[in-house]
Amino acid sequence: MKRVIISASIFLVFYLFYGCSHVETPKATYNTGASLFKEGQQLFNNSNYHRAIEKFKTSLAIAEKLGEKQAIVSISGYIGYAYSELGEHLKAIRFFEKGLATAEEIGDQRGKGQLLGNLGLAYRNMQDYQKAKGYYEQAVDIAGKIANKKVKASYLVNLGVVYSNLQDKKKVTDCYEQAIAIYEELGDKKNQGIWLGLLGETCISMGSYRKAIERYKKALAIAEDLSDQREKGNCLSNIGVAYHNLGNYAKAINNYEKAIAIAGELDDKKITGTGYGGIGASSLKLGDYKKAMYNYEIAIAIAKESGDQKAEGTWTGHMGAIYINIGDYPVAITHLEKSLDIAESTGNKQGKGAVLGGLGIVYALLNDYQKAIDYSKQAIATYKKIGIPYNEIESILGLYYLKLGQDNEAFSIFENYKHSIFLGMYYLKKKDFLKAMEMFDTGRVEDENARRAYFVKPRWIGIGFANEGLKKYEEAYRWYTKAAEYMEEQRESLDAKEREHFFEGTEYGFQRI
């Protein structure tokens with residue numbers, strides 16, 4: 001979902017200059033100030049900020065001369081916001097602070113709260129998020145005291161955006177939930193839906209996928225109620241992402257397909273591309289490499305057509321994952337390196353982390369475990385910086401340690417994440433075949449029922465090895481056969497070129513048999 005930031009920047013209840021109480025003054029001077037203020041407003045509303053500032057500054061000088069303090073609060077806010085629109089944030093801050101000082105002097109709580117919010121926006125635009133946080137927190141507090149719920153909600157979502165930049169996702173969630181409750185109370189379904197969607201996005205980034213689905217479904221119901229087809233498509237696509245991360249790939253595909261159908265009616269390339277890419281990702285996990293490749297190719301073509309480099313890089317990296325699975329490592333590296341270049345040029349740090357992890361996998365398959373470890377550590381460091389869960393990449397890093405004989409380091413990682421497949425591999429190496437079988441069997445039925453080929457096959461192979469270690473050769477043969485038949489089915493779906501290196505691949509750490 002596209003990040004929508006409500007501009008709580010001004011929300012000022014501007015007082016017309018001639019509407020303020022004032023002392024006895026020459027009428028001509030007063031009328032001149034009022035006229036200049038109204039001219040400034042008109043220029044401001046037409047986005048002619050430079051000329052508006054000139055009018056406002058002259059009007060402000062008159063207001064100061066006449067002692068019209070309420071007018072000073074209002075005009076200073078206008079000048080500050082005009083400078084904000086021009087990107088001159090330091091000048092904007094100077095006038096916001098001037099208005100704030102006057103508002104405090106006359107006890108104008110409403111004006112004070114609005115100018116604090118504007119200062120929060122200015123510092124956020126300057127990427128000084130700590131200062132922005134402080135001003136927004138004060139603005140939220142004042143809005144609560146004067147019972148202006150709509151304004152309080154707008155400051156809360158802006159505070160949430162600041163916390164997002166500070167990587168404090170718990171606080172992001174708190175702010176969004178408070179704002180959503182206010183919008184629901186006010187009957188503002190549009191904003192309620194927007195921030196439910198963004199809360200879902202935050203939940204996904206925290207790994208809270210069930211909570212994300214819950215939020216997206218509420219946003220979906222609102223989109224349906226408002227007949228907002230675009231938002232409906234976005235919600236369905238994001239529900240697909242959450243189900244994919246929960247390992248429910250069939251449900252993920254079902255939601256992606258619904259999103260694609262809606263996007264087709266709207267000719268929305270972004271939702272369509274995301275949908276095809278999502279189907280590709282879930283198909284890959286289900287072991288349907290042909291379907292995954294077909295959908296990724298469509299997603300890449302759409303990204304190129306629409307000039308969406310970030311999406312092109314993402315799906316190119318996923319194509320690399322397919323070539324890893326069919327055993328063609330040189331082609332996989334080509335795709336991954338291209339994806340990495342795009343991720344770096346577009347500033348896509350999450351994509352960069354994923355590709356670095358993929359390169360680690362390829363080099364491990366080429367038996368260059370030190371290079372695999374280096375890439376995996378880079379991936380983990382990248383994810384840490386942006387607050388993305390990195391448990392899968394760190395688990396695979398543990399596998400590389402196991403291959404290098406650093407068993408204690410490997411076990412510590414596997415045990416931390418309760419990674420049953422890799423724990424099974426650890427116990428195989430230690431020749432504790434009963435414990436290995438227990439680990440491989442943990443979650444097996446659930447994976448089988450969900451058709452998670454990505455995890456089912458290594459479990460079957462592992463159970464086969466455990467039985468072989470226990471000298472139960474017929475039982476071992478039965479499990480090996482199940483895995484081999486599944487792999488042969490996958491191989492047959494590929495064309496001659498695609499299947500050329502198939503048996504050079506692996507099943508989540510096991511060599512294909």
# chains A, B, ... in the order shown; residues from 1 in each chain; ligands from 1
call {"tool": "closest_atom_pairs", "arguments": {"of": "segment 11-109 of chain A", "to": "segment 116-139 of chain A", "cutoff": "9 Å", "atoms": "only C-alpha atoms", "output": "Markdown table"}}
result
| residue | atom | partner | partner_atom | distance |
| --- | --- | --- | --- | --- |
| A:Phe11 | CA | A:Gly117 | CA | 8.5 |
| A:Gly77 | CA | A:Asn118 | CA | 8.1 |
| A:Gly80 | CA | A:Asn118 | CA | 8.3 |
| A:Tyr81 | CA | A:Asn118 | CA | 7.6 |
| A:Ser84 | CA | A:Ala122 | CA | 6.8 |
| A:Gly87 | CA | A:Asn125 | CA | 8.4 |
| A:His89 | CA | A:Ala122 | CA | 5.7 |
| A:Leu90 | CA | A:Ala122 | CA | 8.0 |
| A:Ala92 | CA | A:Ala122 | CA | 7.2 |
| A:Ile93 | CA | A:Leu119 | CA | 6.2 |
| A:Phe96 | CA | A:Leu119 | CA | 6.4 |
| A:Glu97 | CA | A:Leu119 | CA | 7.7 |
| A:Leu100 | CA | A:Leu116 | CA | 7.2 |
call {"tool": "residues_around", "arguments": {"residues": "Ala354 of chain A", "least_positions_apart": "6", "cutoff": "9 Å", "atoms": "only C-alpha atoms", "output": "list in words"}}
result
Thr314, Gly317, Ala379, Tyr383 and Ile393 of chain A
call {"tool": "closest_atom_pairs", "arguments": {"of": "segment 309-405 of chain A", "to": "segment 429-435 of chain A", "cutoff": "10 Å", "atoms": "only C-alpha atoms", "output": "Markdown table"}}
result
| residue | atom | partner | partner_atom | distance |
| --- | --- | --- | --- | --- |
| A:Leu402 | CA | A:Lys429 | CA | 8.7 |
| A:Lys403 | CA | A:Lys429 | CA | 9.7 |
| A:Gly405 | CA | A:Lys429 | CA | 9.8 |
call {"tool": "write_last_selection", "arguments": {"atoms": "C-alpha atoms", "output": "PDB file, in the first residue's frame"}}
result
ATOM      1  CA  LEU A 402      27.085 -26.337  10.527  1.00  0.00           C
ATOM      2  CA  LYS A 403      28.645 -27.104   7.149  1.00  0.00           C
ATOM      3  CA  GLY A 405      31.950 -27.595  11.502  1.00  0.00           C
TER       4      GLY A 405
END
call {"tool": "residues_around", "arguments": {"residues": "segment 443-447 of chain A", "least_positions_apart": "6", "cutoff": "7 Å", "atoms": "only C-alpha atoms", "output": "PyMOL selection string"}}
result
chain A and resi 455-456+459
call {"tool": "write_last_selection", "arguments": {"atoms": "C-alpha atoms", "output": "PDB file, in the first residue's frame"}}
result
ATOM      1  CA  PHE A 455       9.413 -27.418   3.593  1.00  0.00           C
ATOM      2  CA  VAL A 456       7.734 -30.782   2.996  1.00  0.00           C
ATOM      3  CA  ARG A 459      11.298 -33.052   6.040  1.00  0.00           C
TER       4      ARG A 459
END
call {"tool": "closest_residue", "arguments": {"among": "A:Tyr454, A:Gly111, A:Leu428, A:Ala34", "to": "Glu468 of chain A", "atoms": "only C-alpha atoms"}}
result
A:Leu428
call {"tool": "atom_distance", "arguments": {"atom1": "atom CA of Lys55 of chain A", "atom2": "atom CA of Leu43 of chain A"}}
result
8.9 Å
call {"tool": "closest_residue", "arguments": {"among": "A:Ile388, A:Ala381, A:Leu356, A:Leu60", "to": "Ser208 of chain A", "atoms": "only C-alpha atoms"}}
result
A:Ile388
call {"tool": "residues_around", "arguments": {"residues": "Ile213 of chain A", "least_positions_apart": "3", "cutoff": "12 Å", "atoms": "only C-alpha atoms", "output": "number ranges by chain"}}
result
A: 196-204, 207-210, 216-220, 235-246, 251-252, 255
call {"tool": "residues_around", "arguments": {"residues": "Phe44 of chain A", "least_positions_apart": "2", "cutoff": "10 Å", "atoms": "only C-alpha atoms", "output": "ChimeraX atom specification"}}
result
/A:38-42,46-53,55-56,78-79,81-82
call {"tool": "write_last_selection", "arguments": {"atoms": "C-alpha atoms", "output": "PDB file, in the first residue's frame"}}
result
ATOM      1  CA  LYS A  38      -6.669  38.998   2.240  1.00  0.00           C
ATOM      2  CA  GLU A  39      -4.483  39.464  -0.864  1.00  0.00           C
ATOM      3  CA  GLY A  40      -1.873  37.199   0.721  1.00  0.00           C
ATOM      4  CA  GLN A  41      -4.509  34.547   1.405  1.00  0.00           C
ATOM      5  CA  GLN A  42      -5.633  34.583  -2.220  1.00  0.00           C
ATOM      6  CA  ASN A  46      -3.228  29.832  -5.665  1.00  0.00           C
ATOM      7  CA  SER A  47       0.217  28.474  -4.594  1.00  0.00           C
ATOM      8  CA  ASN A  48       1.907  31.796  -5.396  1.00  0.00           C
ATOM      9  CA  TYR A  49       3.950  31.560  -2.217  1.00  0.00           C
ATOM     10  CA  HIS A  50       6.674  34.136  -2.905  1.00  0.00           C
ATOM     11  CA  ARG A  51       4.192  36.964  -3.536  1.00  0.00           C
ATOM     12  CA  ALA A  52       1.964  35.746  -0.702  1.00  0.00           C
ATOM     13  CA  ILE A  53       4.907  36.016   1.706  1.00  0.00           C
ATOM     14  CA  LYS A  55       1.889  40.563   1.351  1.00  0.00           C
ATOM     15  CA  PHE A  56       1.837  38.669   4.648  1.00  0.00           C
ATOM     16  CA  TYR A  78       0.694  31.509   7.107  1.00  0.00           C
ATOM     17  CA  ILE A  79       4.197  32.803   6.397  1.00  0.00           C
ATOM     18  CA  TYR A  81       3.619  27.363   5.970  1.00  0.00           C
ATOM     19  CA  ALA A  82       4.360  29.266   2.743  1.00  0.00           C
TER      20      ALA A  82
END
call {"tool": "closest_residue", "arguments": {"among": "A:Lys69, A:Lys145, A:Lys232, A:Lys270", "to": "Ala311 of chain A", "atoms": "only C-alpha atoms"}}
result
A:Lys270
